[in-house]
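With mmCIF, C-alpha atoms inside, this is protein_14.cif:
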```cif
data_structure
loop_
_atom_site.label_atom_id
_atom_site.label_comp_id
_atom_site.auth_asym_id
_atom_site.auth_seq_id
_atom_site.Cartn_x
_atom_site.Cartn_y
_atom_site.Cartn_z
CA ALA B 1 23.98 -5.82 -23.28
CA CYS B 2 20.84 -7.94 -22.88
CA TYR B 3 22.77 -11.19 -23.22
CA ALA B 4 25.38 -9.93 -20.76
CA MET B 5 22.69 -9.10 -18.20
CA ILE B 6 21.03 -12.51 -18.60
CA ALA B 7 24.40 -14.27 -18.28
CA TYR B 8 25.19 -12.29 -15.12
CA GLN B 9 21.80 -13.06 -13.54
CA THR B 10 22.04 -16.74 -14.47
CA ALA B 11 25.53 -17.07 -13.02
CA HIS B 12 24.38 -15.35 -9.82
CA MET B 13 21.40 -17.68 -9.36
CA LYS B 14 23.42 -20.81 -10.16
CA THR B 15 26.06 -19.77 -7.59
CA TYR B 16 23.85 -18.66 -4.70
CA TYR B 17 20.67 -20.68 -5.34
CA PRO B 18 22.01 -23.90 -6.95
CA THR B 19 19.09 -26.18 -6.02
CA GLU B 20 16.41 -23.73 -7.11
CA PHE B 21 18.36 -23.08 -10.31
CA MET B 22 18.72 -26.79 -11.15
CA THR B 23 14.99 -27.31 -10.45
CA ALA B 24 14.08 -24.58 -12.93
CA LEU B 25 16.62 -25.82 -15.49
CA MET B 26 15.31 -29.40 -15.38
CA THR B 27 11.73 -28.17 -15.62
CA SER B 28 12.58 -26.25 -18.79
CA ASP B 29 14.27 -29.34 -20.28
CA GLU B 30 11.83 -31.99 -18.99
CA GLU B 31 10.97 -33.15 -22.52
CA ASP B 32 14.64 -33.84 -23.35
CA SER B 33 15.72 -37.06 -21.57
CA ASP B 34 19.38 -36.68 -22.55
CA ARG B 35 19.56 -33.18 -21.08
CA ILE B 36 17.75 -34.32 -17.93
CA ARG B 37 20.29 -37.10 -17.40
CA LEU B 38 23.20 -34.64 -17.64
CA GLU B 39 21.49 -32.17 -15.33
CA ILE B 40 20.73 -34.85 -12.74
CA GLU B 41 24.39 -35.83 -12.70
CA GLU B 42 25.39 -32.18 -12.34
CA ALA B 43 22.95 -31.72 -9.45
CA ARG B 44 24.27 -34.82 -7.69
CA SER B 45 27.85 -33.59 -8.14
CA LYS B 46 26.73 -30.56 -6.08
CA ASN B 47 25.37 -32.92 -3.36
CA VAL B 48 21.76 -32.28 -4.35
CA LYS B 49 19.56 -35.37 -4.00
CA ILE B 50 17.20 -36.21 -6.86
CA LEU B 51 14.26 -38.23 -5.50
CA PRO B 52 11.46 -40.16 -7.25
CA PRO B 53 8.07 -38.47 -7.64
CA SER B 54 5.80 -38.47 -4.58
CA VAL B 55 2.04 -38.02 -4.27
CA ASN B 56 2.70 -36.01 -1.10
CA GLU B 57 5.54 -33.73 -2.21
CA SER B 58 5.70 -33.51 -6.01
CA GLY B 59 4.12 -30.74 -8.02
CA LYS B 60 3.35 -31.08 -11.69
CA HIS B 61 6.96 -30.40 -12.72
CA PHE B 62 10.33 -30.88 -11.03
CA THR B 63 9.78 -29.76 -7.45
CA PHE B 64 12.10 -27.89 -5.08
CA ILE B 65 11.87 -29.53 -1.64
CA ASP B 66 14.74 -27.90 0.26
CA SER B 67 18.29 -26.70 -0.37
CA GLU B 68 19.50 -30.30 -0.73
CA THR B 69 16.57 -32.04 -2.41
CA ILE B 70 14.65 -32.03 -5.71
CA ARG B 71 11.81 -34.38 -6.61
CA PHE B 72 10.64 -35.50 -10.02
CA GLY B 73 7.28 -33.97 -10.89
CA LEU B 74 4.17 -36.07 -11.43
CA LYS B 75 4.12 -35.04 -15.09
CA ALA B 76 7.35 -37.01 -15.60
CA ILE B 77 5.42 -40.26 -15.04
CA LYS B 78 4.54 -41.83 -18.37
CA GLY B 79 0.97 -43.09 -18.59
CA LEU B 80 -0.33 -40.66 -15.99
CA GLY B 81 -2.67 -38.10 -17.53
CA ASP B 82 -3.12 -34.44 -16.60
CA HIS B 83 -6.47 -35.07 -14.91
CA PRO B 84 -5.15 -37.56 -12.29
CA ILE B 85 -2.16 -35.25 -11.66
CA ASP B 86 -4.42 -32.24 -11.08
CA THR B 87 -6.66 -34.31 -8.78
CA ILE B 88 -3.70 -35.37 -6.60
CA ILE B 89 -2.25 -31.85 -6.40
CA GLU B 90 -5.62 -30.24 -5.62
CA SER B 91 -6.30 -32.83 -2.89
CA ILE B 92 -3.11 -31.75 -1.16
CA LYS B 93 -3.83 -28.02 -1.60
CA ILE B 94 -7.30 -28.14 -0.09
CA GLY B 95 -6.51 -30.66 2.62
CA TRP B 96 -3.34 -32.17 3.99
CA LYS B 97 -0.75 -34.71 2.97
CA PHE B 98 -2.02 -38.24 2.45
CA ARG B 99 -1.52 -40.21 5.65
CA THR B 100 -2.45 -43.75 4.60
CA ILE B 101 -3.42 -45.69 1.50
CA TYR B 102 -7.06 -45.47 2.61
CA ASP B 103 -6.82 -41.70 2.92
CA PHE B 104 -5.33 -41.53 -0.58
CA ILE B 105 -8.12 -43.62 -2.11
CA GLU B 106 -10.92 -41.71 -0.39
CA ARG B 107 -9.65 -38.25 -1.39
CA THR B 108 -8.68 -38.90 -5.03
CA GLY B 109 -11.49 -41.05 -6.40
CA TRP B 110 -11.84 -42.72 -9.78
CA ASP B 111 -9.56 -40.20 -11.51
CA VAL B 112 -6.61 -41.88 -9.82
CA ILE B 113 -7.84 -45.21 -8.46
CA ASN B 114 -7.72 -47.22 -11.67
CA LYS B 115 -5.28 -49.84 -12.91
CA LYS B 116 -3.41 -47.64 -15.39
CA SER B 117 -2.85 -44.67 -13.08
CA LEU B 118 -2.04 -46.75 -10.02
CA GLU B 119 0.54 -48.87 -11.85
CA ALA B 120 2.21 -45.73 -13.21
CA LEU B 121 2.35 -44.11 -9.75
CA ILE B 122 3.53 -47.23 -7.94
CA TYR B 123 6.26 -48.27 -10.38
CA ALA B 124 7.58 -44.69 -10.52
CA GLY B 125 7.96 -44.71 -6.72
CA ALA B 126 5.32 -42.03 -6.11
CA MET B 127 3.46 -44.19 -3.57
CA ASP B 128 6.46 -45.52 -1.61
CA ILE B 129 5.20 -43.74 1.51
CA PHE B 130 2.36 -46.29 1.76
CA TRP B 131 4.16 -49.64 1.34
CA GLU B 132 6.52 -51.67 -0.82
CA ARG B 133 5.90 -51.40 -4.56
CA ALA B 134 5.34 -55.09 -5.31
CA SER B 135 2.72 -55.35 -2.57
CA LEU B 136 0.95 -52.21 -3.77
CA VAL B 137 0.78 -53.48 -7.35
CA LYS B 138 -0.66 -56.78 -6.17
CA SER B 139 -3.26 -54.90 -4.12
CA ILE B 140 -4.64 -52.75 -6.96
CA GLU B 141 -7.86 -54.81 -7.21
CA LYS B 142 -8.44 -54.36 -3.48
CA MET B 143 -7.89 -50.62 -3.80
CA SER B 144 -10.40 -50.44 -6.65
CA ALA B 145 -12.94 -52.48 -4.66
CA TYR B 146 -12.54 -50.16 -1.67
CA GLN B 147 -12.98 -47.11 -3.89
CA LYS B 148 -16.16 -48.66 -5.31
CA GLU B 149 -17.43 -49.16 -1.78
CA ILE B 150 -16.69 -45.52 -0.91
CA GLU B 151 -18.50 -44.25 -4.00
CA SER B 152 -21.49 -46.47 -3.23
CA LYS B 153 -21.76 -45.08 0.28
CA LYS B 154 -21.53 -41.52 -1.00
CA SER B 155 -24.27 -42.13 -3.52
CA THR B 156 -26.60 -43.51 -0.85
CA SER B 157 -25.56 -40.91 1.75
CA GLN B 158 -24.39 -43.66 4.10
CA MET B 159 -21.48 -43.18 6.47
CA TRP B 160 -19.77 -45.35 9.03
CA LEU B 161 -19.69 -44.11 12.58
CA PHE B 162 -15.90 -44.24 12.53
CA ASP B 163 -15.73 -42.26 9.27
CA MET B 164 -16.78 -39.14 11.13
CA GLY B 165 -13.75 -39.39 13.37
CA GLY B 166 -11.31 -39.53 10.46
CA ASN B 167 -8.99 -41.85 12.41
CA ASP B 168 -7.62 -44.29 9.83
CA GLY B 169 -5.44 -45.98 12.42
CA GLU B 170 -8.49 -47.42 14.23
CA ARG B 171 -9.97 -49.19 11.22
CA VAL B 172 -8.51 -51.42 8.56
CA HIS B 173 -10.74 -51.85 5.53
CA PHE B 174 -8.45 -54.23 3.67
CA GLU B 175 -4.97 -55.61 4.05
CA LEU B 176 -2.31 -55.06 1.43
CA GLU B 177 -1.04 -58.21 -0.24
CA LYS B 178 2.25 -59.59 1.01
CA CYS B 179 4.87 -60.59 -1.53
CA GLU B 180 8.61 -60.40 -2.14
CA PRO B 181 9.91 -56.86 -2.70
CA LEU B 182 11.03 -55.83 -6.17
CA THR B 183 14.68 -56.53 -6.85
CA PHE B 184 17.09 -53.70 -7.60
CA GLU B 185 16.93 -54.59 -11.30
CA GLU B 186 13.11 -54.53 -11.29
CA ARG B 187 12.96 -51.18 -9.51
CA MET B 188 15.47 -49.70 -11.95
CA LYS B 189 13.70 -51.16 -14.99
CA TRP B 190 10.31 -49.77 -14.00
CA GLU B 191 11.70 -46.38 -13.01
CA LYS B 192 13.42 -46.09 -16.40
CA THR B 193 10.15 -47.11 -18.07
CA MET B 194 7.99 -44.68 -16.09
CA VAL B 195 10.23 -41.61 -15.65
CA GLY B 196 13.12 -42.31 -18.04
CA TYR B 197 15.77 -42.47 -15.31
CA PRO B 198 16.64 -44.90 -12.46
CA VAL B 199 15.86 -42.43 -9.67
CA SER B 200 16.30 -44.75 -6.69
CA GLY B 201 20.02 -44.97 -7.35
CA HIS B 202 22.45 -45.79 -10.10
CA PRO B 203 23.67 -49.43 -10.22
CA LEU B 204 27.27 -48.23 -10.00
CA ASP B 205 26.69 -46.12 -6.87
CA GLY B 206 29.01 -47.20 -4.07
CA ILE B 207 31.19 -49.52 -6.17
CA GLY B 208 33.08 -46.95 -8.23
CA GLU B 209 36.39 -47.53 -6.44
CA PHE B 210 36.02 -51.29 -6.84
CA ILE B 211 35.46 -50.85 -10.58
CA LYS B 212 38.51 -48.60 -10.92
CA LYS B 213 40.63 -51.10 -9.00
CA LYS B 214 39.55 -54.09 -11.09
CA SER B 215 39.79 -52.29 -14.43
CA LYS B 216 43.06 -52.43 -16.37
CA ASN B 217 44.57 -49.43 -18.18
CA ILE B 218 41.55 -47.31 -17.23
CA MET B 219 43.90 -44.38 -16.75
CA SER B 220 44.50 -44.31 -20.50
CA VAL B 221 40.81 -43.39 -20.89
CA TYR B 222 40.98 -40.69 -18.22
CA ASP B 223 44.16 -39.30 -19.81
CA TRP B 224 42.46 -39.13 -23.20
CA ILE B 225 39.42 -37.36 -21.72
CA GLU B 226 41.72 -34.84 -20.03
CA ARG B 227 43.59 -34.17 -23.26
CA GLU B 228 40.28 -33.69 -25.10
CA GLU B 229 39.37 -30.97 -22.62
CA ILE B 230 42.60 -29.02 -23.16
CA VAL B 231 41.98 -25.88 -25.23
CA PRO B 232 45.14 -24.82 -27.09
CA MET B 233 46.25 -21.26 -27.56
CA MET B 234 45.99 -20.21 -31.20
CA ASP B 235 48.21 -18.02 -33.34
CA GLU B 236 46.82 -15.46 -35.78
CA GLU B 237 46.31 -18.16 -38.43
CA GLY B 238 44.33 -20.42 -36.06
CA ASN B 239 47.11 -22.97 -35.44
CA PRO B 240 47.70 -24.36 -31.91
CA ILE B 241 50.82 -23.06 -30.21
CA GLY B 242 52.73 -24.07 -27.11
CA GLU B 243 54.95 -27.04 -26.22
CA LYS B 244 52.38 -28.48 -23.81
CA TRP B 245 49.77 -28.85 -26.55
CA GLU B 246 52.24 -30.54 -28.90
CA ASP B 247 53.38 -32.88 -26.12
CA GLU B 248 49.79 -33.87 -25.33
CA LEU B 249 49.11 -34.77 -28.96
CA GLU B 250 52.03 -37.19 -28.99
CA LYS B 251 51.06 -39.11 -25.85
CA THR B 252 48.44 -41.45 -27.36
CA PRO B 253 50.01 -44.80 -28.35
CA GLU B 254 48.75 -46.63 -31.41
CA THR B 255 47.41 -49.72 -29.63
CA ILE B 256 46.08 -49.98 -26.08
CA TYR B 257 44.49 -53.04 -24.50
CA ALA B 258 42.28 -52.60 -21.47
CA THR B 259 39.71 -54.18 -19.19
CA LEU B 260 36.74 -51.86 -18.68
CA ILE B 261 33.67 -52.38 -16.47
CA GLY B 262 30.27 -50.74 -16.64
CA LEU B 263 26.49 -50.86 -17.03
CA VAL B 264 25.05 -51.61 -20.46
CA SER B 265 22.57 -48.78 -21.03
CA ASN B 266 21.77 -49.32 -24.70
CA VAL B 267 22.28 -52.01 -27.38
CA ARG B 268 21.93 -51.33 -31.11
CA LYS B 269 21.86 -54.17 -33.63
CA MET B 270 22.22 -53.43 -37.33
CA GLN B 271 22.75 -55.14 -40.65
CA THR B 272 25.93 -54.43 -42.60
CA LYS B 273 26.17 -53.91 -46.36
CA SER B 274 27.40 -57.49 -46.75
CA GLY B 275 24.26 -58.81 -45.04
CA GLY B 276 25.87 -59.72 -41.71
CA MET B 277 24.75 -58.42 -38.32
CA MET B 278 26.80 -56.27 -35.96
CA MET B 279 26.16 -54.77 -32.54
CA ILE B 280 27.17 -51.60 -30.70
CA ALA B 281 26.54 -51.41 -26.94
CA THR B 282 26.75 -48.18 -24.94
CA VAL B 283 28.26 -48.79 -21.50
CA GLU B 284 28.31 -46.39 -18.53
CA SER B 285 31.46 -46.63 -16.45
CA VAL B 286 32.94 -44.47 -13.69
CA GLY B 287 33.18 -40.96 -15.09
CA PHE B 288 32.82 -41.85 -18.77
CA ASP B 289 30.85 -43.88 -21.30
CA PHE B 290 32.36 -46.29 -23.80
CA ARG B 291 31.11 -48.47 -26.65
CA ILE B 292 31.57 -52.19 -27.17
CA VAL B 293 31.69 -52.87 -30.89
CA ILE B 294 30.89 -56.41 -32.12
CA PHE B 295 31.57 -57.23 -35.77
CA PRO B 296 29.64 -59.87 -37.79
CA LYS B 297 32.22 -62.62 -37.24
CA ASP B 298 31.58 -62.45 -33.46
CA TYR B 299 27.90 -61.47 -33.54
CA GLU B 300 26.44 -64.89 -32.67
CA LYS B 301 28.93 -65.21 -29.81
CA TYR B 302 27.68 -62.04 -28.11
CA GLU B 303 24.12 -61.65 -29.42
CA LEU B 304 22.48 -63.06 -26.29
CA LYS B 305 25.32 -62.17 -23.93
CA ILE B 306 25.44 -58.37 -24.09
CA ILE B 307 22.02 -57.07 -23.01
CA GLU B 308 20.69 -53.88 -21.48
CA ASP B 309 20.71 -53.31 -17.71
CA THR B 310 23.51 -55.78 -16.98
CA ILE B 311 27.07 -55.12 -15.87
CA VAL B 312 29.86 -56.22 -18.20
CA VAL B 313 33.58 -56.76 -17.71
CA ALA B 314 35.06 -56.28 -21.17
CA ASP B 315 38.57 -57.19 -22.34
CA GLY B 316 39.87 -55.78 -25.58
CA ARG B 317 41.53 -53.17 -27.74
CA LEU B 318 40.68 -49.49 -27.27
CA LYS B 319 40.10 -46.92 -29.96
CA PHE B 320 39.82 -43.19 -29.26
CA ASP B 321 37.81 -41.13 -31.75
CA ASP B 322 38.67 -37.45 -31.30
CA GLU B 323 36.12 -36.19 -33.81
CA ALA B 324 33.16 -38.17 -32.46
CA ASP B 325 34.42 -37.83 -28.86
CA GLU B 326 33.97 -41.58 -28.31
CA VAL B 327 35.87 -44.41 -26.66
CA SER B 328 35.33 -47.83 -28.26
CA LEU B 329 36.42 -51.27 -27.10
CA PHE B 330 36.77 -54.22 -29.47
CA PRO B 331 36.63 -57.49 -27.46
CA ALA B 332 39.74 -59.65 -27.48
CA ALA B 333 39.88 -62.63 -25.11
CA GLY B 334 42.94 -63.52 -23.11
CA TRP B 335 44.17 -60.06 -22.04
CA GLY B 336 44.44 -59.03 -18.40
CA LYS B 337 44.23 -60.85 -15.10
CA LYS B 338 41.12 -63.02 -14.99
CA TRP B 339 39.93 -62.08 -11.51
CA TRP B 340 36.32 -62.64 -12.55
CA GLN B 341 36.96 -66.13 -14.03
CA GLN B 342 36.69 -65.05 -17.65
CA ASP B 343 35.63 -67.65 -20.17
CA ALA B 344 37.10 -67.93 -23.66
CA TRP B 345 35.37 -64.75 -24.83
CA GLY B 346 36.28 -61.12 -24.24
CA VAL B 347 33.14 -60.09 -22.32
CA LYS B 348 31.71 -61.45 -19.08
CA THR B 349 28.16 -60.46 -18.06
CA PHE B 350 26.74 -60.12 -14.53
CA SER B 351 23.34 -59.20 -13.17
CA ILE B 352 23.46 -55.93 -11.23
CA SER B 353 22.68 -57.61 -7.90
CA SER B 354 25.25 -60.40 -8.33
CA PHE B 355 28.00 -57.96 -9.31
CA ARG B 356 27.28 -55.62 -6.41
CA GLU B 357 27.18 -58.58 -4.04
CA MET B 358 30.50 -59.83 -5.40
CA ALA B 359 32.00 -56.36 -5.04
CA GLY B 360 30.85 -56.22 -1.42
CA LYS B 361 32.24 -59.66 -0.67
CA MET B 362 35.62 -58.97 -2.27
CA GLU B 363 36.03 -55.48 -0.87
CA GLY B 364 34.35 -55.84 2.53
CA THR B 365 31.83 -53.15 1.63
CA ASP B 366 29.85 -51.45 4.41
CA ALA B 367 27.05 -53.84 5.34
CA VAL B 368 24.71 -51.06 6.33
CA LYS B 369 23.79 -50.48 2.69
CA ASN B 370 22.08 -53.88 2.82
CA VAL B 371 20.00 -52.95 5.85
CA THR B 372 16.55 -51.47 5.32
CA LEU B 373 14.37 -49.65 7.83
CA ILE B 374 10.74 -50.43 7.12
CA GLU B 375 8.17 -47.89 8.31
CA SER B 376 4.78 -49.57 8.46
CA GLU B 377 1.59 -47.57 8.03
CA ASN B 378 -0.38 -50.48 9.50
CA SER B 379 1.48 -50.73 12.79
CA SER B 380 2.57 -48.47 15.59
CA PHE B 381 6.24 -49.48 15.54
CA GLU B 382 9.21 -49.58 13.22
CA LYS B 383 11.13 -52.76 12.55
CA TYR B 384 14.75 -53.01 11.50
CA VAL B 385 15.20 -55.48 8.65
CA ILE B 386 18.62 -56.91 7.75
CA ASP B 387 18.91 -58.24 4.19
CA VAL B 388 21.08 -61.32 4.63
CA PRO B 389 23.56 -61.72 1.72
CA SER B 390 23.58 -65.05 -0.07
CA PHE B 391 27.19 -65.66 0.94
CA TRP B 392 26.49 -65.51 4.68
CA THR B 393 26.92 -68.87 6.40
CA LYS B 394 25.15 -70.44 9.35
CA GLU B 395 28.03 -69.26 11.54
CA ASP B 396 27.41 -65.65 10.49
CA LEU B 397 23.77 -65.92 11.58
CA LEU B 398 24.80 -67.47 14.90
CA ASP B 399 27.24 -64.60 15.44
CA LEU B 400 24.41 -62.13 14.81
CA LYS B 401 22.15 -63.94 17.28
CA GLU B 402 24.86 -64.01 19.94
CA TYR B 403 25.56 -60.30 19.47
CA LEU B 404 21.87 -59.37 19.76
CA THR B 405 21.79 -60.99 23.21
CA THR B 406 24.38 -58.43 24.38
CA LEU B 407 22.34 -55.36 23.38
CA ARG B 408 19.97 -53.50 25.67
CA VAL B 409 16.33 -54.40 25.20
CA GLY B 410 14.32 -51.66 23.52
CA ALA B 411 11.27 -50.92 21.36
CA THR B 412 12.69 -51.68 17.89
CA PRO B 413 12.21 -55.29 16.70
CA VAL B 414 15.04 -56.74 14.61
CA TRP B 415 14.10 -58.90 11.62
CA ILE B 416 16.12 -60.62 8.93
CA ARG B 417 15.21 -61.15 5.27
CA ILE B 418 16.52 -64.34 3.61
CA HIS B 419 15.71 -64.97 -0.06
CA GLY B 420 12.85 -62.46 0.14
CA THR B 421 11.27 -64.01 3.26
CA GLU B 422 11.22 -61.95 6.45
CA LYS B 423 11.68 -63.60 9.83
CA SER B 424 11.72 -62.14 13.31
CA THR B 425 14.89 -62.63 15.36
CA LYS B 426 12.72 -62.37 18.54
CA PHE B 427 14.97 -59.52 19.70
CA SER B 428 13.97 -55.88 20.25
CA ILE B 429 16.79 -53.42 20.86
CA GLU B 430 17.24 -49.87 22.10
CA ASP B 431 20.22 -48.54 20.09
CA LEU B 432 20.28 -49.20 16.34
CA ASN B 433 23.64 -47.44 15.95
CA GLU B 434 25.39 -50.16 17.96
CA LEU B 435 24.00 -52.82 15.62
CA LYS B 436 25.03 -50.81 12.55
CA LEU B 437 28.61 -50.51 13.81
CA TRP B 438 28.74 -54.24 14.51
CA LEU B 439 27.49 -55.00 11.00
CA GLN B 440 30.18 -52.76 9.55
CA LYS B 441 32.91 -54.61 11.41
CA LYS B 442 31.36 -57.98 10.58
CA TRP B 443 31.40 -57.12 6.87
CA ILE B 444 35.05 -56.08 6.91
#
```
Before we go any further, please render this structure as structure tokens.
Amino acid sequence: ACYAMIAYQTAHMKTYYPTEFMTALMTSDEEDSDRIRLEIEEARSKNVKILPPSVNESGKHFTFIDSETIRFGLKAIKGLGDHPIDTIIESIKIGWKFRTIYDFIERTGWDVINKKSLEALIYAGAMDIFWERASLVKSIEKMSAYQKEIESKKSTSQMWLFDMGGNDGERVHFELEKCEPLTFEERMKWEKTMVGYPVSGHPLDGIGEFIKKKSKNIMSVYDWIEREEIVPMMDEEGNPIGEKWEDELEKTPETIYATLIGLVSNVRKMQTKSGGMMMIATVESVGFDFRIVIFPKDYEKYELKIIEDTIVVADGRLKFDDEADEVSLFPAAGWGKKWWQQDAWGVKTFSISSFREMAGKMEGTDAVKNVTLIESENSSFEKYVIDVPSFWTKEDLLDLKEYLTTLRVGATPVWIRIHGTEKSTKFSIEDLNELKLWLQKKWI
């Protein structure tokens, strides 16, 4: 009866309070990274956003923000001790949300403003409200120097005239360093290091349909997964009954060749009994994981080719293991259409950025995903920054310039970013939606 009551209450909460339920579930499992990954995927399947930790919004554990949003808790950040976490949370409780980087430094003190804690917070994304991560990391020495100055003034009971007003916008004590933003790969790497999960977005987000289209025989994997999920009816002796179950068992052919695409999430290298080396790579694809198995005879060929946090296009023979619930691919060159200019081997490796860029170029992906709105704490305006893809030509830039001349003048400056360098277009426009629509059409 007790178990039945708990099951009923749990089902009720999961149905009518899904975001609150998932927040509590992830908090209870926060020490188990594998469980957290599954629960994040489940939350996202219910259209619940999982955001990086934030010094302004996160509690100690996973934090409920609203019915559509959950944030990682500050405790999830590796290298950040309980004392800095408590200091940040208490500063919010007794005051208000941090408004600027200066406000954050003044209210937290040495507990937080030190190299170890700041790096952990910045790389995890907890300080994104202040500026871009690379610039913040490069400014840590300046932050520490400013904190030292604040402590010195407190110890001597000195105070600036402007300090009494509390208006950070009227005084700038130091300028944050300017440098190129972190790449997608760098953001993902540091998020995985600091919180165990790439919170800003999965590398395969937005290109799932492209991957399905360019894969070969991927349906054989989906069919196998579906058959694995079928639960047969049993007779009194425990034997499966029913024609459908028997038919499903007979559908798997002996040999299937396929081209599968995905993100390499883990690589294990091991020595065999004969003394040779072999490798097993775990790859995340669209809706399933698979393994790439490299035997000793091919080890040297792939040793430096298959590495974590890259996207692979793998050609080869599939093997379905019903007992282990695993799909394995054994590379075999020469199978399938070589749309990605395959070399003589069975696996081609891409950086995440280059593959996503290629997918966008080949599919005409929505250009707006490459446009970033930068909100500056050190200025009174917002600027609209367009990340220019490497495959844009001079003509594309001229088209953009010509189009900007047709838009109504407004208060939002338009900038472009080329190879990490930002440049003003000298245009300020009124309606950003018009520019977004034009970029969409331009991309297609």
**Report entry** Target residues per the PyMOL selection byres ((chain B and resi 215) around 12), formatted as a VMD selection string
**Finding:** chain B and resid 208 to 214 216 to 221 257 to 262 285 to 286 312 to 316 335 to 340
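One finds atom CA of B:Glu185 at 28.4 Å from atom CA of B:Leu432.
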Contact check, stretch 93-206 of chain B to stretch 61-83 of chain B, at most 12 Å, counting only C-alpha atoms, closest pairs as CSV:
```
residue,atom,partner,partner_atom,distance
B:Thr108,CA,B:His83,CA,10.8
B:Gly109,CA,B:His83,CA,11.5
B:Trp110,CA,B:His83,CA,10.7
B:Asp111,CA,B:His83,CA,6.9
B:Val112,CA,B:His83,CA,8.5
B:Ile113,CA,B:Leu80,CA,11.6
B:Asn114,CA,B:Leu80,CA,10.8
B:Lys115,CA,B:Gly79,CA,10.8
B:Lys116,CA,B:Gly79,CA,7.1
B:Ser117,CA,B:Leu80,CA,5.6
B:Leu118,CA,B:Leu80,CA,8.7
B:Glu119,CA,B:Gly79,CA,8.9
B:Ala120,CA,B:Gly79,CA,6.1
B:Leu121,CA,B:Ile77,CA,7.2
B:Ile122,CA,B:Ile77,CA,10.1
B:Tyr123,CA,B:Ile77,CA,9.3
B:Ala124,CA,B:Ile77,CA,6.7
B:Gly125,CA,B:Ile77,CA,9.8
B:Ala126,CA,B:Leu74,CA,8.1
B:Met127,CA,B:Leu74,CA,11.3
B:Trp190,CA,B:Lys78,CA,10.7
B:Glu191,CA,B:Ile77,CA,9.0
B:Lys192,CA,B:Ile77,CA,10.0
B:Thr193,CA,B:Lys78,CA,7.7
B:Met194,CA,B:Lys78,CA,5.0
B:Val195,CA,B:Ile77,CA,5.0
B:Gly196,CA,B:Ala76,CA,8.2
B:Tyr197,CA,B:Ala76,CA,10.0
B:Pro198,CA,B:Phe72,CA,11.4
B:Val199,CA,B:Phe72,CA,8.7
B:Ser200,CA,B:Arg71,CA,11.3
```
For those residues, write C-alpha atoms to a file as a compact mmCIF listing (two decimals), keeping the file's coordinate frame.
```txt
# COMPACT_ATOMS: atom_id res chain seq x y z
CA THR B 108 -8.68 -38.90 -5.03
CA GLY B 109 -11.49 -41.05 -6.40
CA TRP B 110 -11.84 -42.72 -9.78
CA ASP B 111 -9.56 -40.20 -11.51
CA VAL B 112 -6.61 -41.88 -9.82
CA ILE B 113 -7.84 -45.21 -8.46
CA ASN B 114 -7.72 -47.22 -11.67
CA LYS B 115 -5.28 -49.84 -12.91
CA LYS B 116 -3.41 -47.64 -15.39
CA SER B 117 -2.85 -44.67 -13.08
CA LEU B 118 -2.04 -46.75 -10.02
CA GLU B 119 0.54 -48.87 -11.85
CA ALA B 120 2.21 -45.73 -13.21
CA LEU B 121 2.35 -44.11 -9.75
CA ILE B 122 3.53 -47.23 -7.94
CA TYR B 123 6.26 -48.27 -10.38
CA ALA B 124 7.58 -44.69 -10.52
CA GLY B 125 7.96 -44.71 -6.72
CA ALA B 126 5.32 -42.03 -6.11
CA MET B 127 3.46 -44.19 -3.57
CA TRP B 190 10.31 -49.77 -14.00
CA GLU B 191 11.70 -46.38 -13.01
CA LYS B 192 13.42 -46.09 -16.40
CA THR B 193 10.15 -47.11 -18.07
CA MET B 194 7.99 -44.68 -16.09
CA VAL B 195 10.23 -41.61 -15.65
CA GLY B 196 13.12 -42.31 -18.04
CA TYR B 197 15.77 -42.47 -15.31
CA PRO B 198 16.64 -44.90 -12.46
CA VAL B 199 15.86 -42.43 -9.67
CA SER B 200 16.30 -44.75 -6.69
```
Query raised in the report: Rounded to one decimal in Å, what is the spacing between atom CA of B:His12 and atom CA of B:Arg44?
Result: 19.6 Å
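The residue that comes closest to B:Glu42, out of B:Ala134, B:Ile88, B:Met26, B:Cys179 and on the basis of all atoms listed in the file, is B:Met26.
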Query raised in the report: Could you name the residues that touch B:Ile89 at 12 Å or less, counting all atoms listed in the file, but leaving out those on the same chain fewer than 2 positions away, as a list in words?
Result: Ser54, Val55, Asn56, Glu57, Ser58, Gly59, Lys60, His61, Gly73, Leu74, Lys75, Asp82, His83, Pro84, Ile85, Asp86, Thr87, Ser91, Ile92, Lys93, Ile94, Gly95, Trp96, Lys97, Phe98, Phe104, Arg107, Thr108 and Val112 of chain B
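Those DNA, RNA and protein residues that approach the point (35.6, -60.7, -29.6) to within 10 Å, considering only C-alpha atoms, are B:Ile292, B:Val293, B:Ile294, B:Phe295, B:Lys297, B:Asp298, B:Tyr299, B:Lys301, B:Tyr302, B:Ala314, B:Asp315, B:Gly316, B:Arg317, B:Leu329, B:Phe330, B:Pro331, B:Ala332, B:Ala333, B:Ala344, B:Trp345, B:Gly346, B:Val347.
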Axis-aligned box over every listed atom of stretch 72-79 of chain B, padded by 5 Å per side: centre and edges in Å to one decimal, as JSON?
```
{"center_x": 5.8, "center_y": -38.5, "center_z": -14.3, "size_x": 19.7, "size_y": 19.1, "size_z": 18.6}
```
Query - Output check: residues returned by the PyMOL selection byres ((chain B and resi 349) around 6), as JSON, numbers by chain - result: {"B": [311, 312, 348, 350]}
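Closest approach to B:Val327 among B:Thr282, B:Gln147, B:Ser354, B:Thr183: B:Thr282, based on all atoms listed in the file.
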Report summary line: atom CA of B:Gly201 sits from atom CA of B:Arg356 at a separation of 12.9 Å
**Report entry** Long-range neighbours of B:Asp309 as number ranges by chain, 7 Å cut-off, only C-alpha atoms, 5 positions minimum in chain
**Finding:** B: 263-265
